[in-house]
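Next up, start-v8.cif (mmCIF, C-alpha atoms):
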data_entry
loop_
_atom_site.label_atom_id
_atom_site.label_comp_id
_atom_site.auth_asym_id
_atom_site.auth_seq_id
_atom_site.Cartn_x
_atom_site.Cartn_y
_atom_site.Cartn_z
CA MET A 1349 3.04 1.21 108.26
CA ILE A 1350 -0.12 -0.84 108.60
CA ARG A 1351 -1.39 -3.83 106.61
CA GLU A 1352 -4.88 -3.37 105.27
CA LYS A 1353 -7.32 -5.06 102.87
CA LEU A 1354 -8.24 -3.09 99.77
CA ARG A 1355 -11.95 -3.24 100.60
CA THR A 1356 -11.44 -0.37 103.05
CA LEU A 1357 -9.64 1.69 100.40
CA VAL A 1358 -11.43 1.15 97.07
CA LYS A 1359 -14.95 1.57 95.69
CA GLU A 1360 -16.33 0.15 92.45
CA TYR A 1361 -17.60 2.66 89.89
CA SER A 1362 -20.17 1.40 87.37
CA GLU A 1363 -21.49 4.52 85.64
CA ARG A 1364 -22.37 3.83 82.00
CA ASN A 1365 -22.14 6.09 78.95
CA ARG A 1366 -25.95 6.04 78.67
CA ARG A 1367 -26.31 9.22 76.61
CA ASN A 1368 -23.26 8.53 74.44
CA ASN A 1369 -21.74 11.79 75.64
CA CYS A 1370 -18.22 10.34 75.51
CA SER A 1371 -16.64 8.80 72.41
CA ALA A 1372 -13.06 8.42 73.70
CA VAL A 1373 -12.77 4.62 73.77
CA TYR A 1374 -9.64 3.44 75.59
CA SER A 1375 -7.98 0.13 76.42
CA VAL A 1376 -5.71 -0.71 79.33
CA THR A 1377 -2.41 -2.29 78.26
CA ASN A 1378 0.32 -3.93 80.30
CA SER A 1379 3.02 -1.78 78.69
CA HIS A 1380 1.54 1.70 78.23
CA GLY A 1381 -1.44 1.79 80.59
CA PHE A 1382 -4.44 3.66 79.18
CA MET A 1383 -4.26 4.24 75.43
CA PRO A 1384 -6.85 4.86 72.69
CA SER A 1385 -8.33 1.56 71.59
CA ILE A 1386 -7.82 2.35 67.91
CA ASP A 1387 -4.09 2.95 68.53
CA TYR A 1388 -3.74 -0.37 70.33
CA PHE A 1389 -5.65 -2.56 67.85
CA PHE A 1390 -4.81 -0.47 64.73
CA LYS A 1391 -8.48 -0.45 63.79
CA GLU A 1392 -11.92 0.18 65.28
CA VAL A 1393 -12.87 -2.97 67.20
CA PHE A 1394 -15.38 -1.47 69.60
CA SER A 1395 -19.16 -1.41 69.25
CA LYS A 1396 -20.97 1.36 67.35
CA ASP A 1397 -23.31 1.66 70.33
CA LEU A 1398 -21.20 3.00 73.20
CA SER A 1399 -24.06 3.43 75.65
CA THR A 1400 -23.11 0.35 77.70
CA TYR A 1401 -19.44 1.29 77.96
CA LYS A 1402 -18.13 2.21 81.39
CA ILE A 1403 -17.00 5.73 82.26
CA VAL A 1404 -13.54 6.18 83.76
CA ARG A 1405 -12.87 9.61 85.25
CA ARG A 1406 -9.41 11.06 85.77
CA GLY A 1407 -7.66 9.42 88.73
CA MET A 1408 -9.78 6.26 88.63
CA ILE A 1409 -8.31 2.80 88.02
CA ALA A 1410 -9.51 0.21 85.51
CA TYR A 1411 -8.42 -3.31 84.73
CA ASN A 1412 -9.23 -6.22 82.47
CA PRO A 1413 -10.32 -9.06 84.84
CA SER A 1414 -8.72 -11.67 82.56
CA ARG A 1415 -5.44 -9.79 82.01
CA ILE A 1416 -4.66 -8.11 85.31
CA ASN A 1417 -2.32 -11.05 85.99
CA VAL A 1418 -0.05 -9.76 83.19
CA GLY A 1419 -0.26 -6.14 84.29
CA SER A 1420 -3.31 -4.75 82.44
CA VAL A 1421 -4.27 -2.33 85.22
CA ALA A 1422 -3.64 1.42 85.26
CA VAL A 1423 -4.64 4.85 86.55
CA GLN A 1424 -6.56 6.98 84.05
CA ARG A 1425 -4.62 10.25 83.54
CA ALA A 1426 -5.22 10.71 79.80
CA LYS A 1427 -8.38 12.87 79.91
CA GLU A 1428 -11.06 14.10 82.25
CA THR A 1429 -13.32 11.28 81.06
CA VAL A 1430 -12.82 8.23 78.85
CA ILE A 1431 -14.84 5.05 78.35
CA VAL A 1432 -13.81 1.39 78.36
CA SER A 1433 -15.41 -1.91 77.41
CA PRO A 1434 -18.19 -3.15 79.73
CA LEU A 1435 -15.89 -6.11 80.50
CA TYR A 1436 -13.53 -3.88 82.46
CA VAL A 1437 -13.67 -3.28 86.22
CA VAL A 1438 -13.52 0.39 87.18
CA PHE A 1439 -12.96 1.67 90.70
CA SER A 1440 -11.85 4.72 92.69
CA VAL A 1441 -9.41 4.95 95.57
CA ASP A 1442 -9.80 6.78 98.86
CA GLU A 1443 -7.01 9.30 98.24
CA ASN A 1444 -7.01 10.40 101.85
CA LYS A 1445 -5.43 7.02 102.61
CA MET A 1446 -3.82 5.80 99.39
CA LEU A 1447 -2.67 7.31 96.09
CA PRO A 1448 -3.90 5.54 92.91
CA GLU A 1449 -0.37 5.24 91.45
CA PHE A 1450 0.86 3.63 94.66
CA LEU A 1451 -1.78 0.91 94.29
CA THR A 1452 -1.02 0.23 90.60
CA TYR A 1453 2.72 -0.01 91.30
CA PHE A 1454 1.87 -2.52 94.02
CA LEU A 1455 -0.37 -4.54 91.68
CA HIS A 1456 2.56 -4.78 89.21
CA SER A 1457 4.97 -5.94 91.94
CA ASP A 1458 5.88 -9.54 92.74
CA THR A 1459 3.86 -9.33 95.95
CA GLY A 1460 0.85 -7.88 94.15
CA LEU A 1461 0.98 -10.42 91.31
CA GLN A 1462 1.20 -13.27 93.81
CA GLN A 1463 -1.92 -12.02 95.58
CA ILE A 1464 -3.72 -11.55 92.27
CA ALA A 1465 -2.91 -15.17 91.34
CA ALA A 1466 -4.18 -16.36 94.73
CA HIS A 1467 -7.52 -14.58 94.30
CA THR A 1468 -8.32 -15.30 90.63
CA SER A 1469 -10.96 -17.83 89.66
CA GLY A 1470 -12.62 -19.24 86.56
CA SER A 1471 -13.33 -22.59 84.94
CA VAL A 1472 -12.03 -21.61 81.47
CA ARG A 1473 -9.94 -18.49 81.99
CA ASP A 1474 -8.66 -17.01 85.22
CA SER A 1475 -10.43 -13.80 86.18
CA LEU A 1476 -10.13 -11.38 89.09
CA LYS A 1477 -13.52 -10.07 90.14
CA PHE A 1478 -13.79 -6.83 92.09
CA GLY A 1479 -14.91 -8.69 95.22
CA ALA A 1480 -11.73 -10.76 95.09
CA LEU A 1481 -9.62 -7.65 94.47
CA GLN A 1482 -11.00 -6.20 97.69
CA ASP A 1483 -9.56 -9.13 99.66
CA ILE A 1484 -6.00 -8.34 98.55
CA GLU A 1485 -3.85 -6.94 101.36
CA ILE A 1486 -1.35 -4.10 101.02
CA ASN A 1487 1.26 -2.48 103.25
CA LEU A 1488 -0.09 1.03 103.70
CA TYR A 1489 2.24 3.96 104.38
CA SER A 1490 1.62 7.61 104.97
CA ILE A 1491 0.65 9.72 101.95
CA GLU A 1492 4.04 11.45 102.07
CA GLU A 1493 5.88 8.11 102.07
CA GLN A 1494 3.73 6.94 99.18
CA ARG A 1495 4.66 10.06 97.21
CA GLU A 1496 8.35 9.34 97.80
CA ILE A 1497 7.95 5.74 96.56
CA ILE A 1498 5.99 6.85 93.48
CA ALA A 1499 8.53 9.57 92.63
CA LYS A 1500 11.41 7.12 92.86
CA LEU A 1501 9.77 4.54 90.62
CA GLN A 1502 8.60 7.16 88.13
CA LYS A 1503 12.19 8.32 87.70
CA VAL A 1504 13.09 4.77 86.69
CA ASP A 1505 10.10 4.69 84.32
CA ASP A 1506 11.20 8.00 82.76
CA LEU A 1507 14.71 6.64 82.26
CA LEU A 1508 13.32 3.55 80.56
CA GLU A 1509 11.14 5.66 78.30
CA CYS A 1510 14.19 7.73 77.33
CA GLN A 1511 16.11 4.57 76.37
CA ARG A 1512 13.14 3.29 74.36
CA THR A 1513 12.98 6.61 72.50
CA VAL A 1514 16.67 6.42 71.58
CA LEU A 1515 16.19 2.85 70.37
CA LYS A 1516 13.27 3.90 68.17
CA ARG A 1517 15.23 6.80 66.72
CA LEU A 1518 18.02 4.42 65.73
CA ASP A 1519 15.45 2.28 63.90
CA ASP A 1520 14.09 5.41 62.21
CA LEU A 1521 17.62 6.40 61.21
CA VAL A 1522 18.09 3.10 59.36
CA LYS A 1523 14.76 3.52 57.56
CA SER A 1524 15.52 7.10 56.50
CA GLN A 1525 18.96 6.06 55.23
CA PHE A 1526 17.29 3.28 53.21
CA ILE A 1527 14.89 5.72 51.55
CA GLU A 1528 17.68 8.23 50.89
CA MET A 1529 19.88 5.62 49.20
CA PHE A 1530 17.29 3.56 47.30
CA GLY A 1531 13.95 5.38 47.26
CA SER A 1532 10.63 3.52 47.53
CA VAL A 1533 8.92 1.08 45.17
CA ASN A 1534 6.80 3.93 43.77
CA LYS A 1535 9.82 6.25 43.44
CA ALA A 1536 12.60 3.75 42.97
CA LYS A 1537 16.13 4.78 42.05
CA TYR A 1538 16.90 1.23 40.90
CA PRO A 1539 15.03 -1.74 39.34
CA VAL A 1540 12.02 -3.15 41.18
CA MET A 1541 11.78 -6.92 41.56
CA ARG A 1542 9.75 -9.56 43.42
CA ILE A 1543 11.38 -10.98 46.54
CA GLY A 1544 10.86 -14.45 45.05
CA ALA A 1545 13.27 -13.61 42.22
CA VAL A 1546 16.19 -13.39 44.65
CA ALA A 1547 15.04 -15.26 47.78
CA LYS A 1548 12.77 -18.24 48.42
CA LEU A 1549 10.83 -18.52 51.67
CA GLN A 1550 10.55 -22.02 53.18
CA GLY A 1551 8.23 -22.84 56.07
CA GLY A 1552 9.14 -25.14 58.95
CA TYR A 1553 7.83 -28.46 60.17
CA ALA A 1554 4.61 -28.93 62.18
CA PHE A 1555 6.01 -30.56 65.32
CA LYS A 1556 3.45 -32.23 67.58
CA SER A 1557 3.17 -31.27 71.24
CA THR A 1558 3.93 -34.90 72.09
CA ASP A 1559 7.34 -34.43 70.41
CA TYR A 1560 8.35 -31.74 72.89
CA MET A 1561 10.80 -32.31 75.72
CA SER A 1562 12.66 -30.14 78.25
CA ASN A 1563 16.04 -30.55 76.54
CA GLY A 1564 17.42 -31.69 73.23
CA VAL A 1565 17.38 -29.79 69.93
CA PRO A 1566 15.68 -26.35 70.23
CA ILE A 1567 12.80 -25.44 67.89
CA VAL A 1568 12.65 -21.89 66.54
CA GLN A 1569 9.10 -20.67 67.19
CA ILE A 1570 7.41 -17.27 66.95
CA ALA A 1571 8.28 -16.46 70.57
CA ASN A 1572 11.98 -17.03 69.83
CA VAL A 1573 12.18 -14.57 66.92
CA ASN A 1574 13.18 -11.30 68.54
CA ARG A 1575 14.61 -7.98 67.31
CA ASP A 1576 17.18 -9.12 64.73
CA ASN A 1577 18.24 -12.18 66.79
CA LEU A 1578 16.86 -15.32 68.42
CA ASP A 1579 15.77 -15.31 72.06
CA TRP A 1580 15.71 -18.69 73.81
CA ASN A 1581 13.88 -17.64 76.99
CA GLU A 1582 10.81 -19.59 75.84
CA MET A 1583 12.00 -22.78 74.23
CA ASN A 1584 10.61 -26.13 73.18
CA CYS A 1585 12.98 -28.97 72.30
CA VAL A 1586 12.74 -32.30 70.51
CA PRO A 1587 15.03 -35.37 70.68
CA ALA A 1588 18.40 -35.06 68.93
CA VAL A 1589 17.39 -37.80 66.48
CA PHE A 1590 14.94 -35.31 64.94
CA LEU A 1591 17.90 -33.30 63.65
CA GLU A 1592 18.64 -36.03 61.11
CA LYS A 1593 15.01 -36.99 60.60
CA TYR A 1594 14.01 -33.44 59.62
CA SER A 1595 17.38 -32.24 58.30
CA GLU A 1596 15.73 -30.04 55.65
CA PHE A 1597 14.35 -27.92 58.53
CA ALA A 1598 17.71 -27.58 60.33
CA LEU A 1599 19.01 -24.00 60.43
CA ASN A 1600 22.52 -22.80 59.69
CA PRO A 1601 24.42 -19.75 60.98
CA GLY A 1602 23.51 -16.71 58.90
CA ASP A 1603 20.03 -17.97 57.95
CA LEU A 1604 17.33 -15.30 57.96
CA VAL A 1605 14.09 -16.37 59.65
CA MET A 1606 10.73 -14.58 59.90
CA ALA A 1607 7.58 -15.17 61.95
CA MET A 1608 4.80 -15.93 59.47
CA THR A 1609 1.64 -15.05 61.33
CA ARG A 1610 -0.45 -11.96 60.62
CA PRO A 1611 -1.89 -11.27 64.13
CA VAL A 1612 1.61 -10.92 65.66
CA ILE A 1613 2.65 -8.37 63.02
CA LYS A 1614 -0.62 -6.51 63.45
CA LEU A 1615 -0.40 -6.38 67.23
CA LEU A 1616 3.27 -5.31 67.38
CA ASN A 1617 3.21 -3.26 64.17
CA ALA A 1618 6.52 -4.98 63.51
CA VAL A 1619 7.79 -7.90 61.47
CA LYS A 1620 9.62 -10.41 63.68
CA ILE A 1621 12.72 -11.25 61.67
CA ALA A 1622 16.10 -12.46 62.91
CA VAL A 1623 19.48 -13.85 61.91
CA VAL A 1624 20.57 -17.27 63.16
CA SER A 1625 23.96 -17.06 64.89
CA GLU A 1626 26.67 -19.63 65.58
CA GLN A 1627 25.40 -19.87 69.17
CA ASP A 1628 21.86 -20.70 68.00
CA VAL A 1629 22.66 -23.91 66.13
CA PRO A 1630 21.82 -26.74 66.02
CA CYS A 1631 18.12 -25.90 65.92
CA LEU A 1632 15.02 -26.78 63.88
CA LEU A 1633 12.33 -24.66 62.28
CA ASN A 1634 8.68 -24.57 63.38
CA GLN A 1635 5.88 -24.34 60.78
CA ARG A 1636 4.94 -20.75 61.73
CA VAL A 1637 8.45 -19.48 61.07
CA GLY A 1638 9.94 -19.23 57.58
CA ARG A 1639 13.55 -19.28 56.36
CA PHE A 1640 14.80 -17.28 53.38
CA ARG A 1641 16.98 -19.11 50.87
CA ILE A 1642 18.92 -16.15 49.47
CA GLU A 1643 20.83 -15.76 46.20
CA ARG A 1644 23.80 -14.06 47.85
CA THR A 1645 25.23 -12.66 44.63
CA LYS A 1646 22.00 -10.70 44.07
CA ILE A 1647 20.76 -9.65 47.50
CA ASN A 1648 22.37 -8.91 50.84
CA ARG A 1649 20.78 -10.58 53.86
CA THR A 1650 20.76 -7.36 55.92
CA TYR A 1651 19.29 -5.44 52.99
CA LEU A 1652 16.44 -7.96 52.66
CA MET A 1653 15.81 -7.79 56.40
CA SER A 1654 15.50 -4.01 56.17
CA CYS A 1655 13.06 -4.32 53.25
CA CYS A 1656 10.89 -6.58 55.40
CA GLN A 1657 10.97 -4.10 58.29
CA MET A 1658 9.69 -1.16 56.23
CA GLN A 1659 6.16 0.06 56.89
CA ASP A 1660 4.99 -0.73 53.35
CA PHE A 1661 5.83 -4.41 53.83
CA LYS A 1662 4.12 -4.52 57.25
CA ASP A 1663 0.99 -2.97 55.74
CA TYR A 1664 1.12 -5.47 52.89
CA VAL A 1665 1.25 -8.59 55.05
CA VAL A 1666 -1.42 -7.30 57.46
CA ALA A 1667 -3.76 -6.57 54.54
CA MET A 1668 -3.29 -9.98 52.91
CA SER A 1669 -6.59 -11.75 52.36
CA GLY A 1670 -7.09 -15.23 53.70
CA ASN A 1671 -9.14 -17.45 55.99
CA SER A 1672 -9.37 -15.65 59.36
CA LEU A 1673 -9.18 -19.03 61.08
CA GLN A 1674 -5.79 -19.61 59.45
CA PRO A 1675 -3.96 -16.29 59.87
CA ASN A 1676 -0.55 -17.58 58.76
CA ILE A 1677 1.19 -15.78 55.90
CA SER A 1678 2.03 -17.97 52.93
CA SER A 1679 5.50 -18.08 51.41
CA LYS A 1680 4.03 -17.21 48.02
CA GLN A 1681 2.48 -14.01 49.35
CA VAL A 1682 5.81 -12.83 50.74
CA GLU A 1683 7.70 -13.81 47.58
CA ASN A 1684 5.23 -11.81 45.46
CA TYR A 1685 6.08 -8.59 47.29
CA SER A 1686 8.11 -6.16 45.16
CA ILE A 1687 11.26 -4.46 46.46
CA VAL A 1688 13.84 -2.05 45.09
CA LEU A 1689 16.92 -4.04 44.05
CA PRO A 1690 20.06 -1.88 43.79
CA PRO A 1691 23.50 -3.26 42.83
CA ILE A 1692 24.91 -5.66 45.44
CA GLU A 1693 27.80 -3.24 46.14
CA LEU A 1694 25.35 -0.57 47.33
CA GLN A 1695 23.43 -3.15 49.36
CA ASN A 1696 26.68 -4.13 51.08
CA LYS A 1697 27.41 -0.47 51.83
CA PHE A 1698 23.97 -0.07 53.40
CA ALA A 1699 24.48 -3.30 55.40
CA ALA A 1700 27.73 -1.88 56.84
CA PHE A 1701 25.80 1.22 57.97
CA VAL A 1702 23.15 -1.00 59.64
CA GLU A 1703 25.89 -2.99 61.39
CA GLN A 1704 27.30 0.18 62.96
CA THR A 1705 23.82 1.27 64.03
CA ASP A 1706 23.18 -2.16 65.53
CA LYS A 1707 26.18 -1.71 67.81
CA SER A 1708 24.52 1.38 69.28
CA LYS A 1709 21.24 -0.52 69.61
CA VAL A 1710 23.00 -3.28 71.55
CA LEU A 1711 24.28 -0.67 74.02
CA MET A 1712 20.77 0.79 74.41
CA GLU A 1713 19.26 -2.66 74.95
CA ARG A 1714 21.93 -3.40 77.54
CA CYS A 1715 20.98 -0.19 79.35
CA ILE A 1716 17.33 -1.20 79.30
CA PHE A 1717 18.22 -4.62 80.69
CA LEU A 1718 20.22 -3.05 83.54
CA ILE A 1719 17.41 -0.61 84.36
CA ASN A 1720 14.91 -3.46 84.42
CA THR A 1721 17.25 -5.34 86.74
CA LEU A 1722 17.27 -2.30 89.01
CA ARG A 1723 13.48 -2.31 89.03
CA LYS A 1724 13.41 -6.01 89.82
CA VAL A 1725 15.58 -5.79 92.92
CA GLU A 1726 14.32 -2.38 94.07
CA LYS A 1727 12.85 -2.51 97.55
CA THR A 1728 11.28 0.57 98.98
CA LYS A 1729 9.78 0.63 102.46
CA GLY A 1730 9.69 -3.17 102.58
CA ILE A 1731 7.77 -3.64 99.31
CA CYS A 1732 9.51 -5.30 96.35
CA TYR A 1733 8.36 -3.57 93.17
CA ASN A 1734 9.11 -5.95 90.34
CA ILE A 1735 7.76 -4.28 87.22
CA ALA A 1736 9.58 -6.68 84.90
CA SER A 1737 6.24 -8.12 83.75
CA LYS A 1738 5.62 -4.86 81.90
CA GLU A 1739 6.72 -5.01 78.22
CA VAL A 1740 9.70 -2.74 77.80
CA VAL A 1741 11.19 -3.32 74.36
#
Please lay out the structure from this file as structure tokens.
Amino acid sequence: MIREKLRTLVKEYSERNRRNNCSAVYSVTNSHGFMPSIDYFFKEVFSKDLSTYKIVRRGMIAYNPSRINVGSVAVQRAKETVIVSPLYVVFSVDENKMLPEFLTYFLHSDTGLQQIAAHTSGSVRDSLKFGALQDIEINLYSIEEQREIIAKLQKVDDLLECQRTVLKRLDDLVKSQFIEMFGSVNKAKYPVMRIGAVAKLQGGYAFKSTDYMSNGVPIVQIANVNRDNLDWNEMNCVPAVFLEKYSEFALNPGDLVMAMTRPVIKLLNAVKIAVVSEQDVPCLLNQRVGRFRIERTKINRTYLMSCCQMQDFKDYVVAMSGNSLQPNISSKQVENYSIVLPPIELQNKFAAFVEQTDKSKVLMERCIFLINTLRKVEKTKGICYNIASKEVV
């Protein structure tokens, strides 16, 4: 093993799509590497004139200078040639000395991220220029040793992908059961009614940043609304006296809360909606999160949650008109959405099915957590590859 700066191993590649020969516009994500831009943004956000876009040939690496610190760097293996935004940095690797995948695994590791942070610069937003990337040092092993490291980490990646697939199929199972039992709004087996007729959506309070403190009463914010439950990894608190001062925004166990911002739904293609548990209270509600006040004799909480997770509802809230500078969803818009409303007994039966499915999802999520833990502590040939910064779920 030798320690070497990247400048002896990499070379910038700046060929442009001058003749518009390539139309495959890609983005580099921190979770899935290279992917078609239209799949990532759910619409065409790139320029009509692609002549200034940079060419990325198979085996080359590209990264977003302002997002490499969160893992937006990857090897291009999708096609022989794709193009990326002119903002990206594209470079090749001397494969006689280092394999491209070995370098990207390193750049996702704790050691790599620390070096990236040490070399970024910028007055407004941190950015890693190619010249600074070249000054990063890496422990360089033989090509055969690199292949062994890559193979080991790819097995972990494959296992994670398998668990993600199972998790998605469980979600699909719930959706297909919903359609089988109740139909859709256009082909409903039961009466169709506005959400507002059975549940009112109340927004939270606009806490000021000066109200925040490191401990006290937690505030439910967009970041805390996870898959069906609340996640307190990122938490802001306010003094306990606020609990009485803003009691109308205090949550109770069993409350259903939803993130009310369009860009999050659009980016994730998912509605962030969760149930407040006994362990979550006491807590208060932020203005960008809404709470459903449900008429329990008419609608089951789990049934309503499933309605809000259907693709038709996601498409509806993303398509809502409004001031682009204020992308929040209004309570009235959600309440005006129509849903199929079967008898409460059938809703309860469906909720019991979802509960059983959720138990399997919990097991899958536990597996994913354990695999990520394995990745975090994995040390191969003296390099700690912590890939936990990559989005998994």
Do a neighbour search on Phe1555 in chain A at 12 Å with all atoms listed in the file, toss out local chain neighbours closer than 4 positions, and write the hits as a PDB file with C-alpha atoms, keeping the file's coordinate frame.
ATOM      1  CA  ASP A1559       7.340 -34.430  70.410  1.00  0.00           C
ATOM      2  CA  TYR A1560       8.350 -31.740  72.890  1.00  0.00           C
ATOM      3  CA  MET A1561      10.800 -32.310  75.720  1.00  0.00           C
ATOM      4  CA  PRO A1566      15.680 -26.350  70.230  1.00  0.00           C
ATOM      5  CA  ILE A1567      12.800 -25.440  67.890  1.00  0.00           C
ATOM      6  CA  VAL A1568      12.650 -21.890  66.540  1.00  0.00           C
ATOM      7  CA  GLN A1569       9.100 -20.670  67.190  1.00  0.00           C
ATOM      8  CA  ASN A1584      10.610 -26.130  73.180  1.00  0.00           C
ATOM      9  CA  CYS A1585      12.980 -28.970  72.300  1.00  0.00           C
ATOM     10  CA  VAL A1586      12.740 -32.300  70.510  1.00  0.00           C
ATOM     11  CA  PRO A1587      15.030 -35.370  70.680  1.00  0.00           C
ATOM     12  CA  PHE A1590      14.940 -35.310  64.940  1.00  0.00           C
ATOM     13  CA  TYR A1594      14.010 -33.440  59.620  1.00  0.00           C
ATOM     14  CA  PHE A1597      14.350 -27.920  58.530  1.00  0.00           C
ATOM     15  CA  LEU A1632      15.020 -26.780  63.880  1.00  0.00           C
ATOM     16  CA  LEU A1633      12.330 -24.660  62.280  1.00  0.00           C
ATOM     17  CA  ASN A1634       8.680 -24.570  63.380  1.00  0.00           C
ATOM     18  CA  GLN A1635       5.880 -24.340  60.780  1.00  0.00           C
ATOM     19  CA  ARG A1636       4.940 -20.750  61.730  1.00  0.00           C
TER      20      ARG A1636
END
- Task: Counting only C-alpha atoms, select every polymer residue within 6 Å of (16.3, 0.3, 78.0) as defined in the file's coordinates, and provide the selection as a list in words.
- Result: Leu1508, Gln1511, Arg1512, Met1712, Glu1713, Cys1715, Ile1716 and Phe1717 of chain A
- Can you list, as a ChimeraX atom specification, every protein, DNA or RNA residue that comes within 8 Å of Leu1599 in chain A when you count all atoms listed in the file, leaving out same-chain residues fewer than 4 positions away? /A:1603,1624,1629-1633
- Å distance separating CA of Arg1366 in chain A from CA of Leu1354 in chain A, one decimal place: 29.0 Å
- Message: Using only C-alpha atoms, which protein or nucleic acid residues come within 10 Å of range 1546-1552 of chain A? Drop anything in the same chain fewer than 2 positions from it, and give the result as a PyMOL selection string.
- Response: chain A and resi 1541-1544+1554-1555+1567-1569+1594+1596-1598+1604-1608+1632-1649+1652+1677-1683+1689
- Message: Taking all atoms listed in the file into account, name the residue in A:Glu1428, A:Arg1406, A:Thr1650, A:Leu1518 that is nearest to Ile1692 in chain A.
- Response: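 For Ile1692 in chain A, the nearest of the candidates is A:Thr1650.
Taking CA of Leu1398 in chain A and CA of Ile1386 in chain A as endpoints, the distance between them is 14.4 Å.
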- Message: With only C-alpha atoms as the counted atoms, please give the residues lying no more than 9 Å from Arg1405 in chain A, apart from itself and same-chain residues fewer than 5 positions off, as a list in words.
- Response: Gln1424, Arg1425, Lys1427, Glu1428, Thr1429, Val1430, Ile1431 and Ser1440 of chain A
Some atoms are absent from range 1365-1376 of chain A, so rebuild N, CA and C atoms and return them as a JSON list (two decimals), in the coordinates of the input.
[["chain", "number", "residue", "atom", "x", "y", "z"],
["A", 1365, "ASN", "N", -22.10, 4.98, 79.91],
["A", 1365, "ASN", "CA", -22.14, 6.09, 78.95],
["A", 1365, "ASN", "C", -23.52, 6.15, 78.29],
["A", 1366, "ARG", "N", -24.56, 6.22, 79.13],
["A", 1366, "ARG", "CA", -25.95, 6.04, 78.67],
["A", 1366, "ARG", "C", -26.34, 6.99, 77.54],
["A", 1367, "ARG", "N", -25.90, 8.23, 77.61],
["A", 1367, "ARG", "CA", -26.31, 9.22, 76.61],
["A", 1367, "ARG", "C", -25.28, 9.36, 75.49],
["A", 1368, "ASN", "N", -24.31, 8.48, 75.46],
["A", 1368, "ASN", "CA", -23.26, 8.53, 74.44],
["A", 1368, "ASN", "C", -22.55, 9.88, 74.40],
["A", 1369, "ASN", "N", -22.39, 10.49, 75.56],
["A", 1369, "ASN", "CA", -21.74, 11.79, 75.64],
["A", 1369, "ASN", "C", -20.23, 11.69, 75.40],
["A", 1370, "CYS", "N", -19.67, 10.52, 75.66],
["A", 1370, "CYS", "CA", -18.22, 10.34, 75.51],
["A", 1370, "CYS", "C", -17.94, 9.34, 74.38],
["A", 1371, "SER", "N", -17.00, 9.69, 73.52],
["A", 1371, "SER", "CA", -16.64, 8.80, 72.41],
["A", 1371, "SER", "C", -15.17, 8.38, 72.47],
["A", 1372, "ALA", "N", -14.48, 8.75, 73.55],
["A", 1372, "ALA", "CA", -13.06, 8.42, 73.70],
["A", 1372, "ALA", "C", -12.92, 7.01, 74.26],
["A", 1373, "VAL", "N", -12.86, 6.02, 73.36],
["A", 1373, "VAL", "CA", -12.77, 4.62, 73.77],
["A", 1373, "VAL", "C", -11.30, 4.26, 74.01],
["A", 1374, "TYR", "N", -11.02, 3.78, 75.21],
["A", 1374, "TYR", "CA", -9.64, 3.44, 75.59],
["A", 1374, "TYR", "C", -9.54, 1.97, 75.98],
["A", 1375, "SER", "N", -8.32, 1.46, 75.91],
["A", 1375, "SER", "CA", -7.98, 0.13, 76.42],
["A", 1375, "SER", "C", -6.89, 0.29, 77.46],
["A", 1376, "VAL", "N", -6.76, -0.72, 78.33],
["A", 1376, "VAL", "CA", -5.71, -0.71, 79.33],
["A", 1376, "VAL", "C", -4.70, -1.78, 78.95]]
